[in-house]
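Dumped target.cif below, it's mmCIF, C-alpha atoms:
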data_final
#
loop_
_atom_site.group_PDB
_atom_site.id
_atom_site.type_symbol
_atom_site.label_atom_id
_atom_site.label_comp_id
_atom_site.auth_asym_id
_atom_site.auth_seq_id
_atom_site.Cartn_x
_atom_site.Cartn_y
_atom_site.Cartn_z
ATOM 1 C CA MET A 1 -55.658 -42.560 32.171
ATOM 2 C CA GLY A 2 -56.478 -43.697 28.616
ATOM 3 C CA ASP A 3 -58.917 -46.431 27.633
ATOM 4 C CA SER A 4 -56.114 -48.950 27.114
ATOM 5 C CA GLU A 5 -54.917 -48.422 30.683
ATOM 6 C CA LYS A 6 -58.435 -48.802 32.073
ATOM 7 C CA ASP A 7 -58.965 -52.206 30.421
ATOM 8 C CA GLY A 8 -55.616 -53.563 31.594
ATOM 9 C CA LYS A 9 -53.672 -53.119 28.360
ATOM 10 C CA VAL A 10 -50.383 -51.279 28.313
ATOM 11 C CA PRO A 11 -50.810 -48.140 26.168
ATOM 12 C CA LEU A 12 -49.158 -48.124 22.737
ATOM 13 C CA TYR A 13 -47.484 -45.056 21.232
ATOM 14 C CA GLU A 14 -46.447 -44.839 17.581
ATOM 15 C CA ASP A 15 -43.435 -43.030 16.107
ATOM 16 C CA VAL A 16 -42.027 -41.985 19.468
ATOM 17 C CA ASN A 17 -39.212 -39.462 19.610
ATOM 18 C CA LYS A 18 -37.374 -37.961 22.581
ATOM 19 C CA GLU A 19 -39.702 -34.975 22.831
ATOM 20 C CA LEU A 20 -42.847 -37.123 22.875
ATOM 21 C CA PHE A 21 -41.319 -39.554 25.361
ATOM 22 C CA LEU A 22 -40.222 -36.870 27.820
ATOM 23 C CA SER A 23 -43.340 -34.698 27.545
ATOM 24 C CA GLU A 24 -46.204 -37.215 27.328
ATOM 25 C CA ILE A 25 -45.024 -40.715 28.286
ATOM 26 C CA TYR A 26 -42.291 -40.494 30.909
ATOM 27 C CA PRO A 27 -44.098 -38.132 33.337
ATOM 28 C CA LYS A 28 -47.014 -40.592 33.744
ATOM 29 C CA ARG A 29 -44.741 -43.185 35.378
ATOM 30 C CA VAL A 30 -46.686 -46.071 33.878
ATOM 31 C CA PRO A 31 -45.465 -48.686 31.371
ATOM 32 C CA ALA A 32 -45.834 -47.943 27.669
ATOM 33 C CA VAL A 33 -45.092 -49.764 24.413
ATOM 34 C CA LEU A 34 -43.123 -47.563 22.021
ATOM 35 C CA ARG A 35 -43.400 -48.480 18.346
ATOM 36 C CA GLY A 36 -41.575 -46.968 15.403
ATOM 37 C CA VAL A 37 -38.382 -46.002 17.235
ATOM 38 C CA ASP A 38 -35.236 -46.505 15.150
ATOM 39 C CA ILE A 39 -33.162 -49.154 16.910
ATOM 40 C CA GLY A 40 -30.877 -49.875 13.952
ATOM 41 C CA PRO A 41 -30.418 -52.841 11.594
ATOM 42 C CA CYS A 42 -30.437 -55.446 14.390
ATOM 43 C CA VAL A 43 -34.145 -56.154 13.807
ATOM 44 C CA ASN A 44 -33.353 -57.598 10.371
ATOM 45 C CA LEU A 45 -29.802 -58.796 11.001
ATOM 46 C CA TRP A 46 -30.075 -60.772 14.229
ATOM 47 C CA THR A 47 -31.101 -64.150 12.896
ATOM 48 C CA THR A 48 -29.817 -67.275 14.608
ATOM 49 C CA ASP A 49 -27.243 -67.763 11.832
ATOM 50 C CA TYR A 50 -25.992 -64.196 12.171
ATOM 51 C CA LEU A 51 -25.734 -64.448 15.950
ATOM 52 C CA PHE A 52 -23.984 -67.811 15.610
ATOM 53 C CA GLN A 53 -21.373 -66.354 13.266
ATOM 54 C CA LYS A 54 -20.886 -62.959 14.920
ATOM 55 C CA GLY A 55 -21.037 -64.034 18.559
ATOM 56 C CA GLY A 56 -18.374 -66.672 18.171
ATOM 57 C CA SER A 57 -17.391 -69.314 20.686
ATOM 58 C CA ARG A 58 -16.819 -67.174 23.774
ATOM 59 C CA GLN A 59 -18.064 -68.827 26.954
ATOM 60 C CA VAL A 60 -21.341 -67.544 28.396
ATOM 61 C CA LYS A 61 -23.046 -68.401 31.665
ATOM 62 C CA ILE A 62 -26.686 -69.376 31.156
ATOM 63 C CA HIS A 63 -29.753 -70.595 33.021
ATOM 64 C CA VAL A 64 -30.871 -74.123 32.129
ATOM 65 C CA CYS A 65 -34.336 -75.145 33.288
ATOM 66 C CA PRO A 66 -36.204 -78.456 32.838
ATOM 67 C CA THR A 67 -39.489 -76.532 32.496
ATOM 68 C CA ALA A 68 -40.494 -73.316 30.775
ATOM 69 C CA GLN A 69 -41.563 -71.638 34.038
ATOM 70 C CA MET A 70 -38.441 -70.463 35.837
ATOM 71 C CA ASP A 71 -38.577 -70.015 39.604
ATOM 72 C CA PHE A 72 -35.823 -67.876 41.113
ATOM 73 C CA ILE A 73 -37.028 -68.293 44.709
ATOM 74 C CA ASN A 74 -36.865 -72.108 44.699
ATOM 75 C CA LYS A 75 -34.125 -72.253 42.050
ATOM 76 C CA ASN A 76 -35.629 -74.818 39.669
ATOM 77 C CA PHE A 77 -32.813 -74.112 37.204
ATOM 78 C CA ALA A 78 -29.061 -74.564 37.095
ATOM 79 C CA TYR A 79 -26.267 -72.311 35.900
ATOM 80 C CA ARG A 80 -24.206 -73.797 33.104
ATOM 81 C CA THR A 81 -21.539 -72.536 30.707
ATOM 82 C CA LEU A 82 -21.598 -72.977 26.928
ATOM 83 C CA PRO A 83 -19.865 -71.439 23.920
ATOM 84 C CA PHE A 84 -22.123 -68.602 22.721
ATOM 85 C CA ASP A 85 -22.650 -70.112 19.257
ATOM 86 C CA GLU A 86 -23.673 -73.477 20.733
ATOM 87 C CA PHE A 87 -25.986 -71.728 23.199
ATOM 88 C CA VAL A 88 -27.748 -69.877 20.339
ATOM 89 C CA THR A 89 -28.240 -73.139 18.473
ATOM 90 C CA ARG A 90 -29.719 -74.881 21.508
ATOM 91 C CA ALA A 91 -31.902 -71.926 22.549
ATOM 92 C CA ALA A 92 -33.490 -71.780 19.094
ATOM 93 C CA GLU A 93 -34.388 -75.499 19.141
ATOM 94 C CA GLU A 94 -37.620 -77.027 20.398
ATOM 95 C CA LYS A 95 -35.926 -80.392 21.016
ATOM 96 C CA HIS A 96 -32.238 -80.892 21.753
ATOM 97 C CA LYS A 97 -29.831 -83.551 20.581
ATOM 98 C CA ASP A 98 -27.295 -82.313 23.111
ATOM 99 C CA PHE A 99 -28.591 -81.351 26.531
ATOM 100 C CA PHE A 100 -27.775 -81.182 30.250
ATOM 101 C CA HIS A 101 -30.989 -82.667 31.706
ATOM 102 C CA SER A 102 -33.545 -83.422 28.990
ATOM 103 C CA GLN A 103 -34.268 -82.769 25.340
ATOM 104 C CA ASP A 104 -37.041 -80.357 26.364
ATOM 105 C CA GLU A 105 -34.945 -78.131 28.646
ATOM 106 C CA LYS A 106 -35.087 -74.358 28.236
ATOM 107 C CA TYR A 107 -32.237 -71.864 28.035
ATOM 108 C CA TYR A 108 -31.917 -68.254 29.084
ATOM 109 C CA LEU A 109 -29.009 -65.836 28.847
ATOM 110 C CA ARG A 110 -28.747 -62.689 30.917
ATOM 111 C CA SER A 111 -25.402 -61.181 29.931
ATOM 112 C CA LEU A 112 -22.881 -60.396 32.673
ATOM 113 C CA GLY A 113 -19.898 -58.111 33.064
ATOM 114 C CA GLU A 114 -16.384 -59.439 32.647
ATOM 115 C CA ASP A 115 -16.186 -59.858 36.428
ATOM 116 C CA PRO A 116 -19.842 -60.292 37.479
ATOM 117 C CA ARG A 117 -18.984 -59.306 41.052
ATOM 118 C CA LYS A 118 -17.758 -55.863 39.978
ATOM 119 C CA ASP A 119 -18.525 -55.108 36.323
ATOM 120 C CA ILE A 120 -21.865 -54.110 34.850
ATOM 121 C CA ALA A 121 -23.316 -55.729 31.742
ATOM 122 C CA ASP A 122 -22.924 -53.622 28.595
ATOM 123 C CA ILE A 123 -23.360 -55.120 25.148
ATOM 124 C CA ARG A 124 -20.856 -52.610 23.811
ATOM 125 C CA THR A 125 -18.188 -54.187 26.031
ATOM 126 C CA GLN A 126 -19.166 -57.862 26.063
ATOM 127 C CA PHE A 127 -20.425 -58.132 22.460
ATOM 128 C CA PRO A 128 -18.882 -55.220 20.514
ATOM 129 C CA GLU A 129 -19.322 -57.000 17.172
ATOM 130 C CA LEU A 130 -23.094 -56.987 17.735
ATOM 131 C CA ALA A 131 -23.370 -53.610 19.463
ATOM 132 C CA ASP A 132 -22.794 -51.720 16.213
ATOM 133 C CA ASP A 133 -26.103 -53.131 14.912
ATOM 134 C CA ILE A 134 -28.262 -51.520 17.603
ATOM 135 C CA ILE A 135 -29.098 -47.876 18.293
ATOM 136 C CA PHE A 136 -29.871 -46.944 21.883
ATOM 137 C CA PRO A 137 -32.780 -44.472 22.100
ATOM 138 C CA GLU A 138 -31.428 -41.166 23.426
ATOM 139 C CA PHE A 139 -34.224 -40.606 25.931
ATOM 140 C CA PHE A 140 -31.934 -39.860 28.877
ATOM 141 C CA ALA A 141 -28.580 -38.180 29.511
ATOM 142 C CA PRO A 142 -25.500 -40.346 28.826
ATOM 143 C CA SER A 143 -24.359 -39.726 32.413
ATOM 144 C CA GLN A 144 -27.499 -41.548 33.651
ATOM 145 C CA PHE A 145 -26.689 -44.779 31.792
ATOM 146 C CA PHE A 146 -26.199 -47.802 34.029
ATOM 147 C CA SER A 147 -26.221 -50.981 31.929
ATOM 148 C CA SER A 148 -27.326 -52.639 28.712
ATOM 149 C CA VAL A 149 -28.245 -56.258 29.316
ATOM 150 C CA PHE A 150 -28.240 -58.700 26.390
ATOM 151 C CA ARG A 151 -30.977 -61.343 26.764
ATOM 152 C CA ILE A 152 -31.738 -64.456 24.722
ATOM 153 C CA GLY A 153 -34.405 -67.010 25.596
ATOM 154 C CA SER A 154 -35.803 -70.289 24.319
ATOM 155 C CA PRO A 155 -39.357 -70.366 22.935
ATOM 156 C CA GLY A 156 -41.807 -70.506 25.831
ATOM 157 C CA VAL A 157 -39.373 -69.607 28.607
ATOM 158 C CA GLN A 158 -41.030 -67.577 31.383
ATOM 159 C CA LEU A 159 -39.166 -65.379 33.838
ATOM 160 C CA TRP A 160 -40.357 -64.887 37.391
ATOM 161 C CA THR A 161 -42.321 -61.781 38.400
ATOM 162 C CA HIS A 162 -40.009 -59.136 39.861
ATOM 163 C CA TYR A 163 -39.335 -55.416 40.014
ATOM 164 C CA ASP A 164 -36.280 -53.296 39.215
ATOM 165 C CA ILE A 165 -35.185 -50.173 41.066
ATOM 166 C CA MET A 166 -34.172 -48.277 37.925
ATOM 167 C CA ASP A 167 -36.174 -47.141 34.942
ATOM 168 C CA ASN A 168 -35.433 -49.192 31.864
ATOM 169 C CA LEU A 169 -36.276 -49.772 28.224
ATOM 170 C CA LEU A 170 -36.837 -53.373 27.114
ATOM 171 C CA ILE A 171 -35.936 -53.409 23.415
ATOM 172 C CA GLN A 172 -37.401 -56.443 21.676
ATOM 173 C CA VAL A 173 -35.106 -57.160 18.733
ATOM 174 C CA SER A 174 -36.413 -60.505 17.490
ATOM 175 C CA GLY A 175 -39.253 -62.843 18.411
ATOM 176 C CA ARG A 176 -42.317 -61.876 20.418
ATOM 177 C CA LYS A 177 -42.735 -61.484 24.165
ATOM 178 C CA ARG A 178 -45.843 -61.423 26.304
ATOM 179 C CA VAL A 179 -45.428 -59.212 29.350
ATOM 180 C CA VAL A 180 -47.717 -59.080 32.387
ATOM 181 C CA LEU A 181 -47.194 -56.112 34.701
ATOM 182 C CA PHE A 182 -48.442 -55.033 38.114
ATOM 183 C CA SER A 183 -48.377 -51.612 39.716
ATOM 184 C CA PRO A 184 -46.034 -51.000 42.673
ATOM 185 C CA ARG A 185 -49.215 -50.523 44.710
ATOM 186 C CA ASP A 186 -49.939 -54.239 44.233
ATOM 187 C CA ALA A 187 -46.841 -55.163 46.251
ATOM 188 C CA THR A 188 -49.049 -56.299 49.164
ATOM 189 C CA HIS A 189 -50.857 -58.783 46.888
ATOM 190 C CA LEU A 190 -47.854 -60.454 45.242
ATOM 191 C CA TYR A 191 -46.326 -62.466 48.129
ATOM 192 C CA LEU A 192 -42.841 -61.062 47.789
ATOM 193 C CA THR A 193 -39.548 -62.617 48.730
ATOM 194 C CA GLY A 194 -37.165 -59.745 48.218
ATOM 195 C CA ASP A 195 -37.879 -58.310 44.774
ATOM 196 C CA LYS A 196 -39.575 -61.482 43.483
ATOM 197 C CA SER A 197 -43.135 -62.810 43.683
ATOM 198 C CA ALA A 198 -43.819 -66.344 44.895
ATOM 199 C CA VAL A 199 -46.813 -66.552 42.512
ATOM 200 C CA LEU A 200 -45.423 -68.345 39.466
ATOM 201 C CA ASP A 201 -48.504 -69.365 37.495
ATOM 202 C CA LEU A 202 -50.277 -66.116 36.668
ATOM 203 C CA GLU A 203 -52.860 -67.818 34.465
ATOM 204 C CA ASN A 204 -53.935 -70.333 37.110
ATOM 205 C CA PRO A 205 -52.743 -69.036 40.480
ATOM 206 C CA ASP A 206 -53.195 -71.114 43.610
ATOM 207 C CA LEU A 207 -55.637 -68.799 45.391
ATOM 208 C CA GLU A 208 -55.822 -71.046 48.440
ATOM 209 C CA ARG A 209 -52.129 -70.458 48.960
ATOM 210 C CA PHE A 210 -52.118 -66.882 47.576
ATOM 211 C CA PRO A 211 -55.617 -65.468 48.278
ATOM 212 C CA GLN A 212 -54.530 -61.816 48.102
ATOM 213 C CA PHE A 213 -53.290 -62.294 44.532
ATOM 214 C CA SER A 214 -56.875 -62.049 43.273
ATOM 215 C CA GLN A 215 -56.783 -58.356 44.220
ATOM 216 C CA ALA A 216 -53.750 -57.606 42.031
ATOM 217 C CA ARG A 217 -54.581 -55.939 38.722
ATOM 218 C CA PRO A 218 -52.539 -57.154 35.735
ATOM 219 C CA TYR A 219 -51.625 -55.052 32.716
ATOM 220 C CA THR A 220 -50.597 -56.913 29.564
ATOM 221 C CA CYS A 221 -48.889 -56.344 26.241
ATOM 222 C CA THR A 222 -47.292 -58.377 23.467
ATOM 223 C CA LEU A 223 -44.053 -57.006 22.100
ATOM 224 C CA GLN A 224 -43.314 -57.425 18.397
ATOM 225 C CA PRO A 225 -39.799 -57.238 16.912
ATOM 226 C CA GLY A 226 -38.677 -53.620 17.041
ATOM 227 C CA ASP A 227 -41.001 -52.655 19.910
ATOM 228 C CA ILE A 228 -39.716 -51.054 23.097
ATOM 229 C CA LEU A 229 -41.385 -51.405 26.484
ATOM 230 C CA PHE A 230 -40.798 -48.529 28.879
ATOM 231 C CA LEU A 231 -40.658 -50.054 32.365
ATOM 232 C CA PRO A 232 -40.692 -47.496 35.175
ATOM 233 C CA ALA A 233 -38.871 -48.468 38.343
ATOM 234 C CA LEU A 234 -40.814 -50.638 40.821
ATOM 235 C CA TRP A 235 -43.362 -51.921 38.286
ATOM 236 C CA PHE A 236 -43.537 -55.715 38.580
ATOM 237 C CA HIS A 237 -43.172 -57.629 35.327
ATOM 238 C CA ASN A 238 -43.416 -61.247 34.208
ATOM 239 C CA VAL A 239 -42.058 -62.048 30.742
ATOM 240 C CA VAL A 240 -42.808 -64.998 28.444
ATOM 241 C CA SER A 241 -40.840 -65.542 25.221
ATOM 242 C CA LEU A 242 -43.469 -66.619 22.704
ATOM 243 C CA ASP A 243 -40.698 -67.379 20.214
ATOM 244 C CA PHE A 244 -36.923 -67.681 20.303
ATOM 245 C CA GLY A 245 -36.194 -64.104 21.238
ATOM 246 C CA VAL A 246 -33.398 -61.582 21.527
ATOM 247 C CA ALA A 247 -33.739 -58.407 23.574
ATOM 248 C CA ILE A 248 -31.718 -55.651 25.214
ATOM 249 C CA ASN A 249 -32.576 -53.952 28.495
ATOM 250 C CA ILE A 250 -31.171 -50.457 28.953
ATOM 251 C CA PHE A 251 -31.199 -49.318 32.574
ATOM 252 C CA TRP A 252 -30.530 -45.775 33.715
ATOM 253 C CA ARG A 253 -30.344 -43.969 37.049
ATOM 254 C CA HIS A 254 -33.353 -41.668 37.137
ATOM 255 C CA LEU A 255 -32.680 -40.595 40.753
ATOM 256 C CA ASP A 256 -29.690 -38.893 42.313
ATOM 257 C CA PRO A 257 -26.726 -41.354 42.293
ATOM 258 C CA GLY A 258 -26.557 -41.186 46.101
ATOM 259 C CA PHE A 259 -29.748 -43.232 46.359
ATOM 260 C CA TYR A 260 -28.158 -46.299 44.745
ATOM 261 C CA ASP A 261 -25.852 -48.965 46.126
ATOM 262 C CA ASN A 262 -22.571 -48.432 44.256
ATOM 263 C CA LYS A 263 -21.516 -52.018 45.032
ATOM 264 C CA ASP A 264 -24.367 -53.398 42.931
ATOM 265 C CA PRO A 265 -23.186 -54.404 39.414
ATOM 266 C CA TYR A 266 -26.591 -55.937 38.593
ATOM 267 C CA GLY A 267 -28.541 -52.812 39.476
ATOM 268 C CA ASN A 268 -31.220 -54.791 41.325
ATOM 269 C CA LYS A 269 -30.472 -54.014 44.973
ATOM 270 C CA ASP A 270 -33.017 -51.845 46.737
ATOM 271 C CA LEU A 271 -32.193 -48.170 47.231
ATOM 272 C CA LEU A 272 -29.894 -47.643 50.211
ATOM 273 C CA SER A 273 -32.594 -45.995 52.331
ATOM 274 C CA GLY A 274 -35.007 -48.792 51.409
ATOM 275 C CA GLN A 275 -32.459 -51.403 52.453
ATOM 276 C CA ARG A 276 -31.988 -49.728 55.829
ATOM 277 C CA ALA A 277 -35.745 -49.391 56.381
ATOM 278 C CA LEU A 278 -36.323 -53.077 55.626
ATOM 279 C CA GLN A 279 -33.474 -54.085 57.953
ATOM 280 C CA ILE A 280 -35.001 -52.003 60.749
ATOM 281 C CA LEU A 281 -38.370 -53.633 60.087
ATOM 282 C CA ASP A 282 -36.829 -57.109 60.295
ATOM 283 C CA ARG A 283 -35.313 -56.237 63.673
ATOM 284 C CA ALA A 284 -38.650 -54.851 64.875
ATOM 285 C CA LEU A 285 -40.457 -58.033 63.874
ATOM 286 C CA LYS A 286 -37.900 -60.157 65.711
ATOM 287 C CA THR A 287 -38.464 -57.978 68.781
ATOM 288 C CA LEU A 288 -42.200 -58.662 68.573
ATOM 289 C CA ASP A 289 -41.431 -62.381 68.857
ATOM 290 C CA GLU A 290 -40.410 -61.736 72.473
ATOM 291 C CA LEU A 291 -44.020 -60.862 73.391
ATOM 292 C CA PRO A 292 -46.969 -63.101 74.306
ATOM 293 C CA VAL A 293 -49.181 -63.845 71.296
ATOM 294 C CA GLU A 294 -51.948 -61.337 72.063
ATOM 295 C CA TYR A 295 -49.405 -58.527 72.604
ATOM 296 C CA LYS A 296 -47.490 -59.459 69.449
ATOM 297 C CA ASP A 297 -50.758 -59.266 67.511
ATOM 298 C CA PHE A 298 -51.676 -55.916 69.092
ATOM 299 C CA TYR A 299 -48.350 -54.189 68.475
ATOM 300 C CA GLY A 300 -48.127 -55.701 65.018
ATOM 301 C CA ARG A 301 -51.467 -54.129 64.146
ATOM 302 C CA ARG A 302 -50.279 -50.811 65.549
ATOM 303 C CA MET A 303 -47.223 -50.988 63.277
ATOM 304 C CA VAL A 304 -49.393 -51.719 60.234
ATOM 305 C CA SER A 305 -51.713 -48.846 61.150
ATOM 306 C CA LYS A 306 -48.806 -46.451 61.523
ATOM 307 C CA ILE A 307 -47.368 -47.429 58.150
ATOM 308 C CA GLN A 308 -50.746 -46.973 56.490
ATOM 309 C CA GLN A 309 -51.222 -43.544 58.074
ATOM 310 C CA THR A 310 -47.762 -42.106 57.544
ATOM 311 C CA VAL A 311 -46.144 -43.838 54.571
ATOM 312 C CA LEU A 312 -48.664 -45.024 51.974
ATOM 313 C CA ASP A 313 -49.422 -42.240 49.486
ATOM 314 C CA LYS A 314 -53.098 -42.145 48.607
ATOM 315 C CA GLU A 315 -52.393 -39.728 45.737
ATOM 316 C CA LEU A 316 -50.315 -42.096 43.601
ATOM 317 C CA PRO A 317 -51.984 -43.235 40.360
#

Starting from the file, give its structure as structure tokens.
Amino acid sequence: MGDSEKDGKVPLYEDVNKELFLSEIYPKRVPAVLRGVDIGPCVNLWTTDYLFQKGGSRQVKIHVCPTAQMDFINKNFAYRTLPFDEFVTRAAEEKHKDFFHSQDEKYYLRSLGEDPRKDIADIRTQFPELADDIIFPEFFAPSQFFSSVFRIGSPGVQLWTHYDIMDNLLIQVSGRKRVVLFSPRDATHLYLTGDKSAVLDLENPDLERFPQFSQARPYTCTLQPGDILFLPALWFHNVVSLDFGVAINIFWRHLDPGFYDNKDPYGNKDLLSGQRALQILDRALKTLDELPVEYKDFYGRRMVSKIQQTVLDKELP
């Protein structure tokens, strides 16, 4: 582990090519900022005016939130539909003349497939006139590709802490992002509901409500335009757009396809075996409810002990 990893900073690599990525970065299975990778002319081209003109007036489904801090668990935002060019205009503004709730509301686009229930997001399909401006790093086999998700956010918008089940590259095209990450081994400290953490305010967490969060170790980085963040599967991440920002996530299947749920167009459902294990656990916990309190406590502790002894890998970094 390098010095940057020890002090909680995500390591930075310059002038990364496929050989360097696969030999020195990818095998570590820790996040890394990749700088100097050719991602095409999008870094210079994708101004708000260019996006406005090229993206046109197609309808896009967006998140609209009255505050900058978005909460997926309690749903403090609403889904709305706008023409893409109008959305870009609003997302780039600090104050809005036209708005749904207030002139300070924040906007966030996570692109969807043509039929979100079945189709994956791919900028080459949904926004072909913009896709020619970006070069996908060829760090993985084309057959492993899953999706390319187009993201645009208002200045200051903060996405909830969550994990993904696939490896991905977050390509920051314009604007800056601050990213806070936590190791998969911090899962027991993050108060999870599904794949999302209930701890929203990472700077000033409510430690009376979330006492275990103090044991989680954050890693941080700030992405500049043109930077790429390698996000290994299961690493938790919380993203703040410091400016109006445009980014692309490229997800790929790094495991055998049989591990994944093929009815998952978003690519965020747990692996099939993980889903089954969690369902079994839920049934076991309901069974414990049938017992008197002292027996429920006893058998619950036995379950925890068994998991610690047989499942948790002490050799992981």

Would you kindly return, as a PDB file with C-alpha atoms, in the coordinates of the input, each protein, DNA or RNA residue with an atom no farther than 10 Å from any atom of Leu271 in chain A, considering only C-alpha atoms and excluding same-chain residues fewer than 3 positions away?
ATOM      1  CA  ILE A 165     -35.185 -50.173  41.066  1.00  0.00           C
ATOM      2  CA  MET A 166     -34.172 -48.277  37.925  1.00  0.00           C
ATOM      3  CA  LEU A 255     -32.680 -40.595  40.753  1.00  0.00           C
ATOM      4  CA  GLY A 258     -26.557 -41.186  46.101  1.00  0.00           C
ATOM      5  CA  PHE A 259     -29.748 -43.232  46.359  1.00  0.00           C
ATOM      6  CA  TYR A 260     -28.158 -46.299  44.745  1.00  0.00           C
ATOM      7  CA  ASP A 261     -25.852 -48.965  46.126  1.00  0.00           C
ATOM      8  CA  GLY A 267     -28.541 -52.812  39.476  1.00  0.00           C
ATOM      9  CA  ASN A 268     -31.220 -54.791  41.325  1.00  0.00           C
ATOM     10  CA  GLY A 274     -35.007 -48.792  51.409  1.00  0.00           C
ATOM     11  CA  GLN A 275     -32.459 -51.403  52.453  1.00  0.00           C
ATOM     12  CA  ARG A 276     -31.988 -49.728  55.829  1.00  0.00           C
ATOM     13  CA  ALA A 277     -35.745 -49.391  56.381  1.00  0.00           C
TER      14      ALA A 277
END

Check your understanding: How would you write, as a ChimeraX atom specification, the residues chosen by the PyMOL selection byres ((chain A and resi 53-61) around 12) on this structure?
Key -> /A:45-52,62-64,78-89,107-116,123,126-133,150-152

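As for CA of Ala247 in chain A and CA of Val43 in chain A, they are spaced 10.0 Å apart.
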
Exercise for review: Give me, please, the distance in Å between CA of Leu202 in chain A and CA of Asn238 in chain A, quoted to one decimal.
Suggested key: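 It comes out at 8.8 Å.
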
Check your understanding: Could you pull the residues within 7 Å of Ala91 in chain A, counting all atoms listed in the file, minus those fewer than 5 positions along the same chain, as a PyMOL selection string?
Key -> chain A and resi 106-107+153-154+244

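Among the candidates A:Glu138, A:Glu208, A:Asp186, A:Glu290, the one nearest to Phe21 in chain A when counting only C-alpha atoms is A:Glu138.
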
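Evaluated on this file, the PyMOL selection byres ((chain A and resi 177) around 9) matches A:Gln172, A:Gly175, A:Arg176, A:Arg178, A:Val179, A:Cys221, A:Thr222, A:Leu223, A:Gln224, A:Pro225, A:Val239, A:Val240, A:Ser241, A:Leu242, A:Asp243, A:Gly245.
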